[in-house]
Amino acid sequence: MSAVVQSPIVQPVRPRPQGYDVERLRGEFPILATTVHGKPLVYLDNGATTQKPLAVIAAEKDYYERCNANVHRGVHALSQRATEAYEAARDRVRRFINAASAKEIVFVRGTTEAINLVAQCFGRARVRSGDEIVISAMEHHSNIVPWQLLCEQTGAVLRVVPIGDEGEFLFEAYEKLLGPRTRLVAVTHVSNALGTVTPLRRVIDLAHRHAVPVLVDGAQAVAHAAVDVQALDCDFYAFSGHKAHAPTGIGVLYGKEALLEEMPPYQSGGDMIKTVTFEESTWADLPYKFEAGTPNIAGAIALGAALDFVAGAGLEAIAAHEADLIAYASERVSDIRGLRIIGTAAPKAAILSFTLDGMHAHDIGTILDHHGVAVRTGHHCAMPVMRRFNVPATTRASFALYNTRSEIDVFVEALLKAKELFA
Ligand SMILES: *Cc1c(COP(=O)(O)O)cnc(C)c1O
């Protein structure tokens, strides 16, 4: 069972996890040894993208040095080698999220493309004028705009589950929004702007009682806690490789086989067909039906390596380590006057979003950068969340498996210096 499902990603402050060798893990990430403005890099922008370990860099390099050829076409040795490695990566993904079959794993560019694929293909199969799509108020733009487009195309209506003052998912409001016209629920697993963890099991169970499928945006979850799509019983699960220590340009759409079967493709061309005549074409079997054109072969293979790396570090251990980091960081900033944490719902992932009285987020980010500390500032592709909390922007520190308490100390010191400058 998944750690996310069973227990909060973040528990209350407790003793530091034992036996997690963060220094050894850090040694696997060359970029962590670089300096910025003469200061050691403190990378706290993992919600935007994560750094890559040597094994991932090596997998990509090795592919181009030893395997490069197009997949699924050639009878020659390199093409077969590339195809085998590409399909092995698909099976790696399947095991990582515990999907029932590799047919249910579609390689895409990332979360954004995965959600667009479902919006267009599921949309065409199932959504009609007057139907409803339910999302939450804490979605990333990638899980809002594709549904707006679908609504424009079909005459369907977007319904939004509100969030509370802590950034919590309001379950009772959700219950009221589900109805006979609901065709799909699309919710984030973890909010990138707030850190809120959606109560997925309850959300999915209730939707299923109405026979409504659920898409989960897992961009902020897969590298941080174990995800088991069968235990969750979600119908679609989307994530990006680059937020899980893999390269950019590769991601995954998981979909239950029966649903993927009934959906028509929305991109077409090579690799996704069985037969083509000028009168008619027939589609390839799953998952190839949704993989038109030459895919990001090296990226998929490197994603496999990234998932090996994450699994090797241990998802339970990573979740416990990150729980320690967010508890420590929240405690350290709690006595900074004028600092307001945006997103305080429990359970919460290792994302610290905040405002500081009298200072604009971009100024905070710029000063932190001069101390070597990389954070994100702005609306985090979640403008409705900013509006909900009545702030133009926040500063966000987001943690990953390689961050440390001493990096949080550097971050807090830099924050205090930034505050002095504006006092
Ligand atoms: C980053 C992110 C996305 C978009 O991911 P891309 O890799 O840019 O496609 C979607 N949802 C959430 C919650 C995210 O954090």
# chains A, B, ... in the order shown; residues from 1 in each chain; ligands from 1

$ residues_around --residues "Gly378 (chain A)" --least-positions-apart "6" --cutoff "7 Å" --atoms "only C-alpha atoms" --output "PDB file with N, CA, C and O atoms, in the first residue's frame"
ATOM      1  N   ALA A 361       7.729  38.895  -3.307  1.00  0.00           N
ATOM      2  CA  ALA A 361       8.354  37.573  -3.448  1.00  0.00           C
ATOM      3  C   ALA A 361       9.585  37.617  -4.360  1.00  0.00           C
ATOM      4  O   ALA A 361      10.599  36.969  -4.075  1.00  0.00           O
ATOM      5  N   ALA A 393       1.585  36.666  -5.048  1.00  0.00           N
ATOM      6  CA  ALA A 393       2.637  35.673  -5.298  1.00  0.00           C
ATOM      7  C   ALA A 393       3.096  35.139  -3.951  1.00  0.00           C
ATOM      8  O   ALA A 393       2.811  35.733  -2.908  1.00  0.00           O
ATOM      9  N   THR A 394       3.805  34.016  -3.981  1.00  0.00           N
ATOM     10  CA  THR A 394       4.464  33.550  -2.762  1.00  0.00           C
ATOM     11  C   THR A 394       5.907  33.190  -3.103  1.00  0.00           C
ATOM     12  O   THR A 394       6.282  33.114  -4.273  1.00  0.00           O
ATOM     13  N   THR A 395       6.689  33.002  -2.049  1.00  0.00           N
ATOM     14  CA  THR A 395       8.018  32.410  -2.197  1.00  0.00           C
ATOM     15  C   THR A 395       7.857  30.952  -1.795  1.00  0.00           C
ATOM     16  O   THR A 395       7.195  30.659  -0.796  1.00  0.00           O
TER      17      THR A 395
END

$ residues_near_ligand --ligand "ligand 1" --cutoff "7 Å" --atoms "only C-alpha atoms and all ligand atoms" --output "VMD selection string"
chain A and resid 47 to 48 110 to 113 139 to 140 142 to 143 188 190 to 192 217 to 220 240 242

$ closest_residue --among "A:Glu322, A:Glu331, A:Glu257, A:Asp369" --to "Leu401 (chain A)" --atoms "only C-alpha atoms"
A:Glu322

$ closest_atom_pairs --of "region 199-223 of chain A" --to "region 166-184 of chain A" --cutoff "6 Å" --atoms "only C-alpha atoms" --output "Markdown table"
| residue | atom | partner | partner_atom | distance |
| --- | --- | --- | --- | --- |
| A:Val212 | CA | A:Leu184 | CA | 5.6 |
| A:Pro213 | CA | A:Leu184 | CA | 5.3 |
| A:Val214 | CA | A:Leu184 | CA | 5.9 |

$ closest_residue --among "A:Lys274, A:Val134, A:Arg94, A:His141" --to "Val160 (chain A)" --atoms "only C-alpha atoms"
A:Val134

$ closest_residue --among "A:Gln120, A:Leu325, A:Ala85, A:Asn46" --to "Asp409 (chain A)" --atoms "only C-alpha atoms"
A:Leu325

$ select_by_dssp --residues "region 76-256 of chain A" --states "helix (DSSP H, G or I)" --output "PyMOL selection string"
chain A and resi 77-97+102-104+111-126+141-143+145-154+171-177+200-209+229-232+241-244

$ residues_around --residues "Lys417 (chain A)" --least-positions-apart "3" --cutoff "12 Å" --atoms "only C-alpha atoms" --output "ChimeraX atom specification"
/A:336,364,367-368,370-371,410-414,420-423

$ closest_residue --among "A:Pro40, A:Gly312, A:Pro146, A:Pro384" --to "Leu158 (chain A)" --atoms "only C-alpha atoms"
A:Pro146
